[in-house]
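Worksheet: the structure to be examined is printed underneath.
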Amino acid sequence: MAALEILKFPHPILRKRSEAVNQIDEEVKNLIHNMRETMYEAGGIGLAACQVGIPRRVIVLDVSPIDPQHGFFALINPDVISEEGEIDHEEGCLSVPDCLEKVKRKEKVCVRGRSPEGTEIEIKGDGILAITLQHEIDHINGILILDRVSQLKREIYRNKLKREKRKEEKD
Ligand SMILES: [Zn+2]
């Protein structure tokens, strides 16, 4: 097991739609182990495979620091099969550092996918579980929180990155 590098905006892999996993082989299982390690090391509550440079439809979650009812799980080829309600939620992202933005989300979702053992599972949730599921499924569809905020906020973030880059170059 090893923690992997987390790609940051504007890396192009973060904008790609990830490919479905057809076979849950050792490679996929190792990926899940490493994603788990990477998520914990970074202090995150969710991670998508594309964030570590692997554009496949795999996500890991552990929202227990916020909602101790739920523990760690991994989902392969997850899809939202039903949703209800709407809420605004302030979100951050390991791939979009120093950005905390209010994002419109569904209040409740039901997500279907496969466990690392290959079993079909359905996860129904609300609160932080529902939000994190939507955030990670966005990732495997190439969508970042920056795509869900106003153009102005996106510009402000881009300019901030440019300023930081210029500063780094000077130092
Ligand atoms: Zn994220």
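If you're wondering about the labels, chains in the structure tokens are A, B, ... by order shown, residues count from 1 in each chain, ligands from 1 in order shown.
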Neighbours of ligand 1 at 9 Å or closer, counting only C-alpha atoms and all ligand atoms: which residues, as a PDB file with C-alpha atoms, in the first residue's frame?
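Output contents, as saved in part-v1.pdb:
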ATOM      1  CA  GLY A  44     -10.265  13.594   2.854  1.00  0.00           C
ATOM      2  CA  GLY A  46     -13.851  10.771  -0.458  1.00  0.00           C
ATOM      3  CA  LEU A  47     -11.616  10.167  -3.456  1.00  0.00           C
ATOM      4  CA  ALA A  48     -12.140   9.221  -7.098  1.00  0.00           C
ATOM      5  CA  GLN A  51      -7.771  12.196  -8.815  1.00  0.00           C
ATOM      6  CA  GLU A  91     -17.674  21.861  -0.277  1.00  0.00           C
ATOM      7  CA  GLY A  92     -13.959  21.549  -0.657  1.00  0.00           C
ATOM      8  CA  CYS A  93     -11.978  19.206  -2.869  1.00  0.00           C
ATOM      9  CA  LEU A  94      -8.505  17.678  -2.541  1.00  0.00           C
ATOM     10  CA  SER A  95      -7.940  18.517  -6.236  1.00  0.00           C
ATOM     11  CA  VAL A  96      -9.027  22.141  -5.852  1.00  0.00           C
ATOM     12  CA  THR A 132     -19.942  13.071  -0.943  1.00  0.00           C
ATOM     13  CA  HIS A 135     -19.117  14.883  -5.403  1.00  0.00           C
ATOM     14  CA  GLU A 136     -17.172  11.686  -6.208  1.00  0.00           C
ATOM     15  CA  ASP A 138     -19.037  14.143 -10.468  1.00  0.00           C
ATOM     16  CA  HIS A 139     -15.288  13.431 -10.501  1.00  0.00           C
ATOM     17  CA  LEU A 144     -15.278  19.630 -10.475  1.00  0.00           C
ATOM     18  CA  ILE A 145     -16.883  21.869  -7.835  1.00  0.00           C
TER      19      ILE A 145
END
Near Leu14 of chain A, within 9 Å and counting only C-alpha atoms, which residues show up once chain neighbours fewer than 5 positions away are dropped, as JSON, numbers by chain?
{"A": [7, 8, 9, 50, 51, 53, 55, 95, 139, 140, 141, 142, 143, 144]}
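Those residues that approach Gly71 of chain A to within 8 Å, counting only C-alpha atoms, are Leu61, Asp62, Val63 and Ser64 of chain A; same-chain residues fewer than 5 positions away are not listed.
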Save out the residues we just selected, all heavy atoms, as a PDB file, in the first residue's frame.
ATOM      1  N   LEU A  61     -14.977   6.183  -0.123  1.00  0.00           N
ATOM      2  CA  LEU A  61     -15.562   7.167   0.780  1.00  0.00           C
ATOM      3  C   LEU A  61     -15.358   6.731   2.225  1.00  0.00           C
ATOM      4  O   LEU A  61     -15.370   5.521   2.506  1.00  0.00           O
ATOM      5  CB  LEU A  61     -17.082   7.244   0.578  1.00  0.00           C
ATOM      6  CG  LEU A  61     -17.684   8.276  -0.386  1.00  0.00           C
ATOM      7  CD1 LEU A  61     -17.631   7.724  -1.774  1.00  0.00           C
ATOM      8  CD2 LEU A  61     -19.102   8.578  -0.003  1.00  0.00           C
ATOM      9  N   ASP A  62     -15.184   7.699   3.093  1.00  0.00           N
ATOM     10  CA  ASP A  62     -15.298   7.452   4.522  1.00  0.00           C
ATOM     11  C   ASP A  62     -15.701   8.768   5.162  1.00  0.00           C
ATOM     12  O   ASP A  62     -14.859   9.621   5.443  1.00  0.00           O
ATOM     13  CB  ASP A  62     -13.976   6.938   5.110  1.00  0.00           C
ATOM     14  CG  ASP A  62     -14.137   6.550   6.574  1.00  0.00           C
ATOM     15  OD1 ASP A  62     -15.177   6.909   7.173  1.00  0.00           O
ATOM     16  OD2 ASP A  62     -13.237   5.908   7.123  1.00  0.00           O
ATOM     17  N   VAL A  63     -17.000   8.929   5.367  1.00  0.00           N
ATOM     18  CA  VAL A  63     -17.506  10.204   5.907  1.00  0.00           C
ATOM     19  C   VAL A  63     -17.583  10.166   7.437  1.00  0.00           C
ATOM     20  O   VAL A  63     -18.140  11.085   8.047  1.00  0.00           O
ATOM     21  CB  VAL A  63     -18.884  10.591   5.294  1.00  0.00           C
ATOM     22  CG1 VAL A  63     -18.776  10.786   3.792  1.00  0.00           C
ATOM     23  CG2 VAL A  63     -19.978   9.580   5.639  1.00  0.00           C
ATOM     24  N   SER A  64     -17.000   9.115   8.052  1.00  0.00           N
ATOM     25  CA  SER A  64     -17.151   8.973   9.513  1.00  0.00           C
ATOM     26  C   SER A  64     -16.624  10.157  10.341  1.00  0.00           C
ATOM     27  O   SER A  64     -17.145  10.405  11.428  1.00  0.00           O
ATOM     28  CB  SER A  64     -16.544   7.654   9.997  1.00  0.00           C
ATOM     29  OG  SER A  64     -15.165   7.616   9.750  1.00  0.00           O
TER      30      SER A  64
END
Using only C-alpha atoms, which protein or nucleic acid residues come within 12 Å of Glu120 of chain A? Drop anything in the same chain fewer than 2 positions from it, and give the result as a short mmCIF file (atom, residue, chain, number, x, y, z; two decimals) with C-alpha atoms, in the first residue's frame.
data_model
loop_
_atom_site.label_atom_id
_atom_site.label_comp_id
_atom_site.auth_asym_id
_atom_site.auth_seq_id
_atom_site.Cartn_x
_atom_site.Cartn_y
_atom_site.Cartn_z
CA ALA A 74 -15.43 1.51 -2.15
CA LEU A 75 -17.77 1.54 -5.14
CA ILE A 76 -17.04 0.45 -8.69
CA ASN A 77 -19.06 1.87 -11.60
CA PRO A 78 -21.36 3.88 -9.31
CA ASP A 79 -24.50 5.49 -10.73
CA VAL A 111 -26.50 4.99 -5.75
CA ARG A 112 -25.93 1.60 -7.30
CA GLY A 113 -22.53 0.08 -7.98
CA ARG A 114 -20.33 -2.92 -7.27
CA SER A 115 -18.32 -3.71 -4.18
CA PRO A 116 -14.65 -4.77 -4.58
CA GLU A 117 -15.95 -8.35 -4.20
CA GLY A 118 -18.15 -7.87 -7.25
CA GLU A 122 -27.23 0.03 -3.43
CA ILE A 123 -26.44 2.82 -1.02
#
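Once segment 29-31 of chain A and its same-chain neighbours fewer than 5 positions away are set aside, Met1, Ile24, Arg36, Ala49, Ile54, Val58 and Pro116 of chain A remain within 9 Å of it when counting only C-alpha atoms.
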Using only C-alpha atoms, find the one residue out of A:Ile156, A:Leu129, A:Met39, A:Val28 that sits nearest to Lys108 of chain A.
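Among A:Ile156, A:Leu129, A:Met39, A:Val28, it is A:Leu129 that comes nearest to Lys108 of chain A.
Minimum distance to Phe72 of chain A across A:Glu37, A:Glu86, A:Glu164, A:Glu155 (counting only C-alpha atoms) occurs at A:Glu37.
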Can you tell me, as a list in words, which residues in segment 91-163 of chain A count as alpha helix (DSSP H) by DSSP?
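Filtering segment 91-163 of chain A down to alpha helix (DSSP H) leaves Gly127, Ile128, Leu129, Ala130, Ile131, Thr132, Leu133, Gln134, His135, Glu136, Ile137, Asp138, His139, Ile140, Gln151, Leu152, Lys153, Arg154, Glu155, Ile156, Tyr157, Arg158, Asn159, Lys160, Leu161, Lys162 and Arg163 of chain A.
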DSSP strand (DSSP E or B) selection over chain A, as a count of residues only
56
Suppose you want the space between atom CA of Tyr157 of chain A and atom CA of Asp88 of chain A; what is it in Å?
19.6 Å
Closest to Gln134 of chain A among A:Gln69, A:Thr119, A:Ser150, A:Ser82, using only C-alpha atoms?
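The shortest atom-to-atom distance to Gln134 of chain A comes from A:Ser82.
Compared by their closest atoms to Glu84 of chain A, and using only C-alpha atoms, the residues A:Arg154, A:His33, A:Ile66, A:Asp126 rank with A:Asp126 nearest.
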Can you work out the spacing between atom CA of Glu41 of chain A and atom CA of Glu101 of chain A in Å, to one decimal?
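Pair atom CA of Glu41 of chain A / atom CA of Glu101 of chain A returns 22.8 Å.
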Counting only C-alpha atoms, what is within 9 Å of Val52 of chain A, bar same-chain residues fewer than 6 positions away, as a PyMOL selection string?
chain A and resi 4-7+35+38
Those residues with C-alpha atoms, as a PDB file, in the first residue's frame please?
ATOM      1  CA  LEU A   4      -0.416   8.327  -4.351  1.00  0.00           C
ATOM      2  CA  GLU A   5      -0.055  11.837  -5.679  1.00  0.00           C
ATOM      3  CA  ILE A   6      -3.356  13.719  -5.905  1.00  0.00           C
ATOM      4  CA  LEU A   7      -3.766  15.629  -9.171  1.00  0.00           C
ATOM      5  CA  MET A  35      -6.829   5.191  -2.872  1.00  0.00           C
ATOM      6  CA  THR A  38      -4.185   8.335  -0.112  1.00  0.00           C
TER       7      THR A  38
END
Identify which of the residues A:Ala20, A:Glu168, A:Lys160, A:Gly85 lies closest to Cys99 of chain A, counting only C-alpha atoms when measuring atom-to-atom distances.
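Checking each candidate against Cys99 of chain A, we get A:Lys160 as the closest.
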Best match for closeness to Ile45 of chain A among A:Pro10, A:Ala2, A:Leu133, A:Glu169, counting only C-alpha atoms
A:Leu133
